[in-house]
Each structure stands twice: as structure tokens, then as C-alpha cells.
file model_12.csv (CSV, C-alpha atoms)
chain,number,residue,atom,x,y,z
F,1,ILE,CA,37.9,-8.2,-19.4
F,2,ARG,CA,35.4,-11.1,-19.6
F,3,THR,CA,33.6,-9.9,-16.5
F,4,LEU,CA,33.4,-6.3,-17.8
F,5,ALA,CA,32.1,-7.4,-21.2
F,6,SER,CA,29.5,-9.6,-19.4
F,7,ASP,CA,28.3,-6.8,-17.2
F,8,VAL,CA,28.1,-4.3,-20.0
F,9,SER,CA,26.2,-6.6,-22.3
F,10,LEU,CA,23.8,-7.6,-19.5
F,11,ASP,CA,23.1,-3.9,-18.8
F,12,VAL,CA,22.4,-3.3,-22.5
F,13,LEU,CA,20.2,-6.4,-22.8
F,14,LEU,CA,18.1,-5.4,-19.7
F,15,TYR,CA,17.8,-1.9,-20.9
F,16,MET,CA,16.5,-3.1,-24.3
F,17,THR,CA,13.7,-5.2,-22.9
F,18,PRO,CA,10.4,-3.4,-22.8
F,19,ARG,CA,9.6,-4.2,-19.2
F,20,HIS,CA,12.9,-3.0,-17.8
F,21,PHE,CA,13.2,-0.1,-20.2
F,22,THR,CA,9.9,1.5,-19.1
F,23,ARG,CA,10.7,1.1,-15.4
F,24,ILE,CA,14.2,2.6,-15.8
F,25,VAL,CA,13.1,5.6,-17.9
F,26,GLU,CA,10.2,6.3,-15.6
F,27,ARG,CA,12.4,6.0,-12.5
F,28,VAL,CA,14.9,8.4,-13.9
F,29,ARG,CA,12.2,10.8,-15.0
F,30,ALA,CA,10.7,10.8,-11.5
F,31,GLU,CA,14.1,11.4,-9.9
F,32,LEU,CA,14.9,14.3,-12.2
F,33,ALA,CA,11.5,15.9,-11.4
F,34,ARG,CA,12.1,15.4,-7.7
F,35,CYS,CA,15.5,17.0,-7.8
F,36,TRP,CA,14.1,19.9,-9.8
F,37,ARG,CA,11.3,20.4,-7.2
F,38,LEU,CA,13.9,20.4,-4.4
F,39,PHE,CA,16.1,22.9,-6.2
F,40,CYS,CA,13.1,25.2,-6.8
F,41,GLU,CA,12.1,25.0,-3.1
F,42,ALA,CA,15.6,25.9,-2.0
F,43,HIS,CA,15.9,28.7,-4.6
F,44,PRO,CA,12.6,30.5,-5.0
F,45,GLY,CA,12.4,32.4,-8.3
F,46,ALA,CA,15.3,30.5,-9.9
F,47,GLN,CA,12.9,28.6,-12.1
F,48,GLU,CA,12.6,31.5,-14.5
F,49,HIS,CA,16.3,32.1,-14.8
F,50,THR,CA,17.8,28.6,-14.7
F,51,GLN,CA,18.8,26.6,-17.7
F,52,VAL,CA,19.0,22.9,-17.1
F,53,SER,CA,21.5,20.7,-18.9
F,54,LEU,CA,21.4,17.0,-18.8
F,55,ILE,CA,24.6,14.8,-19.2
F,56,GLY,CA,24.6,11.2,-20.1
F,57,HIS,CA,27.6,8.9,-20.3
F,58,SER,CA,27.7,5.7,-22.3
F,59,LEU,CA,24.4,3.8,-21.8
F,60,GLY,CA,23.2,6.7,-19.7
F,61,SER,CA,23.3,9.0,-22.8
F,62,ALA,CA,20.9,6.6,-24.5
F,63,LEU,CA,18.7,6.7,-21.4
F,64,VAL,CA,18.6,10.5,-21.4
F,65,ALA,CA,17.8,10.5,-25.1
F,66,ASP,CA,15.0,8.1,-24.6
F,67,LEU,CA,13.8,10.3,-21.7
F,68,LEU,CA,13.7,13.3,-24.0
F,69,ALA,CA,12.5,11.6,-27.1
F,70,CYS,CA,9.3,12.6,-28.8
F,71,GLY,CA,7.7,11.4,-32.0
F,72,GLY,CA,4.6,12.0,-34.1
F,73,GLU,CA,3.3,12.3,-37.6
F,74,THR,CA,2.1,15.9,-37.5
F,75,VAL,CA,3.5,19.1,-36.3
F,76,ALA,CA,0.9,19.4,-33.6
F,77,GLU,CA,1.6,15.9,-32.3
F,78,ILE,CA,5.3,16.5,-32.1
F,79,GLN,CA,5.0,19.9,-30.4
F,80,ASP,CA,2.4,18.4,-28.0
F,81,CYS,CA,4.7,15.6,-27.1
F,82,LEU,CA,7.6,18.0,-26.4
F,83,GLN,CA,5.3,20.0,-24.1
F,84,GLN,CA,4.3,16.8,-22.3
F,85,GLN,CA,7.9,15.9,-21.7
F,86,GLU,CA,8.5,19.3,-20.1
F,87,LYS,CA,5.4,18.9,-17.9
F,88,MET,CA,6.5,15.5,-16.7
F,89,LEU,CA,10.0,16.7,-15.9
F,90,GLY,CA,8.9,20.0,-14.4
F,91,PHE,CA,11.5,21.9,-16.4
F,92,ARG,CA,12.6,22.7,-20.0
F,93,PRO,CA,15.8,20.8,-20.8
F,94,TYR,CA,18.2,23.2,-22.5
F,95,HIS,CA,21.4,21.3,-23.3
F,96,PHE,CA,21.9,17.6,-23.6
F,97,TYR,CA,25.5,16.5,-23.5
F,98,SER,CA,26.1,12.9,-24.7
F,99,LEU,CA,29.5,11.6,-23.6
F,100,GLY,CA,30.9,8.4,-25.1
F,101,SER,CA,27.5,7.5,-26.4
F,102,PRO,CA,26.2,4.5,-28.3
F,103,LEU,CA,23.1,6.5,-29.1
F,104,ALA,CA,23.6,6.3,-32.8
F,105,LEU,CA,23.7,2.5,-32.6
F,106,PHE,CA,20.6,2.4,-30.4
F,107,LEU,CA,18.7,4.6,-32.9
F,108,LEU,CA,19.7,2.2,-35.7
F,109,LEU,CA,18.6,-0.8,-33.7
F,110,LYS,CA,15.2,0.8,-32.9
F,111,HIS,CA,14.8,1.9,-36.6
F,112,CYS,CA,14.6,5.5,-35.5
F,113,LYS,CA,16.0,8.7,-37.1
F,114,LEU,CA,17.0,11.5,-34.8
F,115,ALA,CA,15.5,14.4,-36.8
F,116,GLY,CA,16.2,17.4,-34.5
F,117,CYS,CA,15.9,19.1,-31.2
F,118,ARG,CA,13.3,21.5,-29.7
F,119,GLU,CA,14.9,24.4,-31.6
F,120,PHE,CA,14.1,22.8,-34.9
F,121,CYS,CA,10.6,21.9,-33.8
F,122,GLU,CA,9.8,25.6,-33.1
F,123,ASP,CA,9.9,26.3,-36.8
F,124,ASP,CA,6.5,24.9,-38.0
F,125,GLU,CA,7.3,25.3,-41.7
F,126,ALA,CA,10.6,23.4,-41.5
F,127,LEU,CA,9.0,20.7,-39.4
F,128,GLN,CA,6.1,20.4,-41.8
F,129,THR,CA,8.5,20.2,-44.8
F,130,LEU,CA,10.5,17.4,-43.1
F,131,LEU,CA,7.4,15.4,-42.2
F,132,SER,CA,6.1,15.7,-45.8
F,133,ARG,CA,9.3,14.5,-47.3
F,134,HIS,CA,9.8,11.6,-44.9
F,135,PRO,CA,8.8,8.2,-46.5
F,136,ALA,CA,6.1,6.3,-44.8
F,137,ASP,CA,8.1,3.1,-44.7
F,138,GLY,CA,11.2,5.0,-43.4
F,139,PRO,CA,12.6,5.0,-39.8
F,140,LYS,CA,10.4,6.6,-37.1
F,141,LEU,CA,11.3,10.3,-36.7
F,142,THR,CA,12.4,11.2,-33.2
F,143,PHE,CA,12.9,14.6,-31.8
F,144,LEU,CA,14.5,15.6,-28.5
F,145,ALA,CA,12.9,17.9,-25.9
F,146,SER,CA,16.2,19.8,-25.4
F,147,GLN,CA,17.3,22.9,-27.2
F,148,GLN,CA,20.7,21.6,-28.2
F,149,LEU,CA,22.5,18.3,-28.4
F,150,TYR,CA,26.3,17.9,-28.1
F,151,ASN,CA,27.9,14.6,-28.8
F,152,VAL,CA,31.3,14.3,-27.1
F,153,PHE,CA,33.4,11.3,-27.9
F,154,LEU,CA,36.9,9.9,-28.2
F,155,PRO,CA,37.7,8.7,-31.7
F,156,HIS,CA,39.1,5.5,-30.3
F,157,ASP,CA,36.2,4.7,-27.9
F,158,PRO,CA,34.7,1.4,-29.0
F,159,VAL,CA,31.3,2.3,-27.7
F,160,ALA,CA,31.0,5.9,-28.8
F,161,TYR,CA,29.5,6.7,-32.2
F,162,ARG,CA,29.1,9.9,-34.2
F,163,LEU,CA,25.5,11.2,-34.6
F,164,GLU,CA,26.1,13.5,-37.6
F,165,PRO,CA,25.8,10.8,-40.3
F,166,LEU,CA,22.3,10.0,-38.9
F,167,LEU,CA,21.3,13.7,-38.8
F,168,ILE,CA,22.7,15.1,-42.0
F,169,PRO,CA,22.3,13.7,-45.5
F,170,PRO,CA,25.6,12.5,-47.1
F,171,SER,CA,25.2,15.0,-49.9
F,172,LYS,CA,25.2,17.9,-47.4
F,173,MET,CA,27.9,16.6,-45.0
F,174,SER,CA,30.7,18.7,-46.6
F,175,SER,CA,28.9,22.0,-45.8
F,176,TYR,CA,28.9,21.1,-42.0
F,177,ALA,CA,31.8,21.4,-39.6
F,178,LYS,CA,33.8,18.2,-39.0
F,179,PRO,CA,34.1,17.0,-35.4
F,180,VAL,CA,36.5,19.3,-33.4
F,181,LEU,CA,39.4,17.7,-31.6
F,182,LEU,CA,39.5,19.2,-28.1
F,183,PRO,CA,42.9,19.5,-26.3
F,184,TYR,CA,43.2,17.3,-23.2
F,185,GLY,CA,45.9,16.4,-20.7
F,186,LYS,CA,46.9,13.1,-19.1

call {"tool": "encode", "arguments": {"input": "model_12.csv", "output": "C-alpha cells"}}
result
Amino acid sequence: IRTLASDVSLDVLLYMTPRHFTRIVERVRAELARCWRLFCEAHPGAQEHTQVSLIGHSLGSALVADLLACGGETVAEIQDCLQQQEKMLGFRPYHFYSLGSPLALFLLLKHCKLAGCREFCEDDEALQTLLSRHPADGPKLTFLASQQLYNVFLPHDPVAYRLEPLLIPPSKMSSYAKPVLLPYGK
């Protein structure tokens, strides 16, 4: 157990240092772009019909979220950032599946608020309203370059956290669906 805890904490500490963080994210971005290029070469014409989903497990989900993260203080800046993400990847990420993710904890540590995905950012009026209501001294707003985000977790997983409390104000939580327990087998 000690070795496992040591390895995990070292991975997290290395990932959180700016030098290693930038190298890791850029390397993953380059590899995703390379794989997408190879796929398009092997399947001409598939680019228009293919929806790409990204899956991240544990620390990998925080990495995928950082890869897809965009920020800004105006609608134009946020939408430009989302377009730049797509250009760098070479594709438009559709779904992001976060499995057993500490993403909520990482967002809190970075003083960031996950404010929505691409789908939300395509509504200029809603985005402008959100930006105008966000306090200047509040956490940095972060948007993801994927259409949808799915957070899959086991309630007893010590690393996985729910994202809903960070996305939805407490006063409106009752109007949203609670997490759904999925059947599984052993």
C-alpha cells in the first residue's frame, strides 16, 4: 500500500508542476493529433462523419480536461480558444468520459470553475450572461472543447469526486437529476 500511495502521489506532484504539466499535455495533444491523422489517412472521407470521444481514467481524466480546457473573459475569447483547441487536435471532441476522476479536486486546487462545455458556449447570450454575473475575484471560468461531459464514478472510490456541485448552484441542485446507479456484475 505504501508503494502504491507513493507512486500515485509522485505522479500527481509531477503533473502539478508547471514544467512537467506543459510537457505532458503537449505530448498527449501531439499524440492525439497524430492518431487522428493516421485514422483519416486510413479512412478517407470519415472525418466528416466521425464523432471522437475521449476517455480519461483517474489522473488521465484531469489530463484530458486540461487538454480540452479553454478560458477567457469575453464571449469572443472563449469561442476563439475553443476553435484553437480543435485546430491543434485536428478534430472536434464530441464526448468526454471522465472515469474515477479527481477532476473536481484539481479544479478546486487551481481555483477554477468548470462553467460548461462547447454546447453551452455556442449560445452567445447565455455565455454573455454567465460572464457578466461572474465576480472578478471569483475562480477562473473554464470551458471544455467537447460537446458533452460524462462523469462516471463509484461512490466508494477514494479518488473520484462528483462534478455536479461545482457546476450547479446549490439552490438549483434539486431540479437536476441525481447521479444514476448503473448495474454491474462481479

call {"tool": "closest_residue", "arguments": {"input": "model_12.csv", "among": "F:Glu31, F:Glu41, F:Glu119, F:Asp137", "to": "Leu149 of chain F", "atoms": "only C-alpha atoms"}}
result
F:Glu119

call {"tool": "closest_residue", "arguments": {"input": "model_12.csv", "among": "F:Val28, F:Leu108, F:Leu103, F:Val75", "to": "Ser132 of chain F", "atoms": "only C-alpha atoms"}}
result
F:Val75

call {"tool": "residues_around", "arguments": {"input": "model_12.csv", "residues": "segment 62-74 of chain F", "least_positions_apart": "6", "cutoff": "9 Å", "atoms": "all atoms listed in the file", "output": "PDB file with C-alpha atoms, keeping the file's coordinate frame"}}
result
ATOM      1  CA  TYR F  15      17.800  -1.900 -20.900  1.00  0.00           C
ATOM      2  CA  PHE F  21      13.200  -0.100 -20.200  1.00  0.00           C
ATOM      3  CA  ILE F  24      14.200   2.600 -15.800  1.00  0.00           C
ATOM      4  CA  VAL F  25      13.100   5.600 -17.900  1.00  0.00           C
ATOM      5  CA  GLU F  26      10.200   6.300 -15.600  1.00  0.00           C
ATOM      6  CA  VAL F  28      14.900   8.400 -13.900  1.00  0.00           C
ATOM      7  CA  ARG F  29      12.200  10.800 -15.000  1.00  0.00           C
ATOM      8  CA  LEU F  54      21.400  17.000 -18.800  1.00  0.00           C
ATOM      9  CA  ILE F  55      24.600  14.800 -19.200  1.00  0.00           C
ATOM     10  CA  GLY F  56      24.600  11.200 -20.100  1.00  0.00           C
ATOM     11  CA  CYS F  81       4.700  15.600 -27.100  1.00  0.00           C
ATOM     12  CA  LEU F  82       7.600  18.000 -26.400  1.00  0.00           C
ATOM     13  CA  GLN F  85       7.900  15.900 -21.700  1.00  0.00           C
ATOM     14  CA  GLU F  86       8.500  19.300 -20.100  1.00  0.00           C
ATOM     15  CA  PRO F  93      15.800  20.800 -20.800  1.00  0.00           C
ATOM     16  CA  PHE F  96      21.900  17.600 -23.600  1.00  0.00           C
ATOM     17  CA  SER F  98      26.100  12.900 -24.700  1.00  0.00           C
ATOM     18  CA  SER F 101      27.500   7.500 -26.400  1.00  0.00           C
ATOM     19  CA  PRO F 102      26.200   4.500 -28.300  1.00  0.00           C
ATOM     20  CA  LEU F 103      23.100   6.500 -29.100  1.00  0.00           C
ATOM     21  CA  ALA F 104      23.600   6.300 -32.800  1.00  0.00           C
ATOM     22  CA  PHE F 106      20.600   2.400 -30.400  1.00  0.00           C
ATOM     23  CA  LEU F 107      18.700   4.600 -32.900  1.00  0.00           C
ATOM     24  CA  LEU F 114      17.000  11.500 -34.800  1.00  0.00           C
ATOM     25  CA  LEU F 127       9.000  20.700 -39.400  1.00  0.00           C
ATOM     26  CA  GLN F 128       6.100  20.400 -41.800  1.00  0.00           C
ATOM     27  CA  LEU F 131       7.400  15.400 -42.200  1.00  0.00           C
ATOM     28  CA  LYS F 140      10.400   6.600 -37.100  1.00  0.00           C
ATOM     29  CA  LEU F 141      11.300  10.300 -36.700  1.00  0.00           C
ATOM     30  CA  THR F 142      12.400  11.200 -33.200  1.00  0.00           C
ATOM     31  CA  PHE F 143      12.900  14.600 -31.800  1.00  0.00           C
ATOM     32  CA  LEU F 144      14.500  15.600 -28.500  1.00  0.00           C
ATOM     33  CA  ALA F 145      12.900  17.900 -25.900  1.00  0.00           C
ATOM     34  CA  SER F 146      16.200  19.800 -25.400  1.00  0.00           C
TER      35      SER F 146
END

call {"tool": "closest_residue", "arguments": {"input": "model_12.csv", "among": "F:Leu130, F:Cys121, F:Val159, F:Met88", "to": "Leu59 of chain F", "atoms": "all atoms listed in the file"}}
result
F:Val159

call {"tool": "atom_distance", "arguments": {"input": "model_12.csv", "atom1": "atom CA of Asp80 of chain F", "atom2": "atom CA of Ala126 of chain F"}}
result
16.6 Å

call {"tool": "residues_around", "arguments": {"input": "model_12.csv", "residues": "Leu99 of chain F", "least_positions_apart": "5", "cutoff": "9 Å", "atoms": "only C-alpha atoms", "output": "PyMOL selection string"}}
result
chain F and resi 55-58+60-61+150-154+160

call {"tool": "atom_distance", "arguments": {"input": "model_12.csv", "atom1": "atom CA of Ala33 of chain F", "atom2": "atom CA of Glu77 of chain F"}}
result
23.1 Å

call {"tool": "atom_distance", "arguments": {"input": "model_12.csv", "atom1": "atom CA of Arg34 of chain F", "atom2": "atom CA of Gln147 of chain F"}}
result
21.5 Å
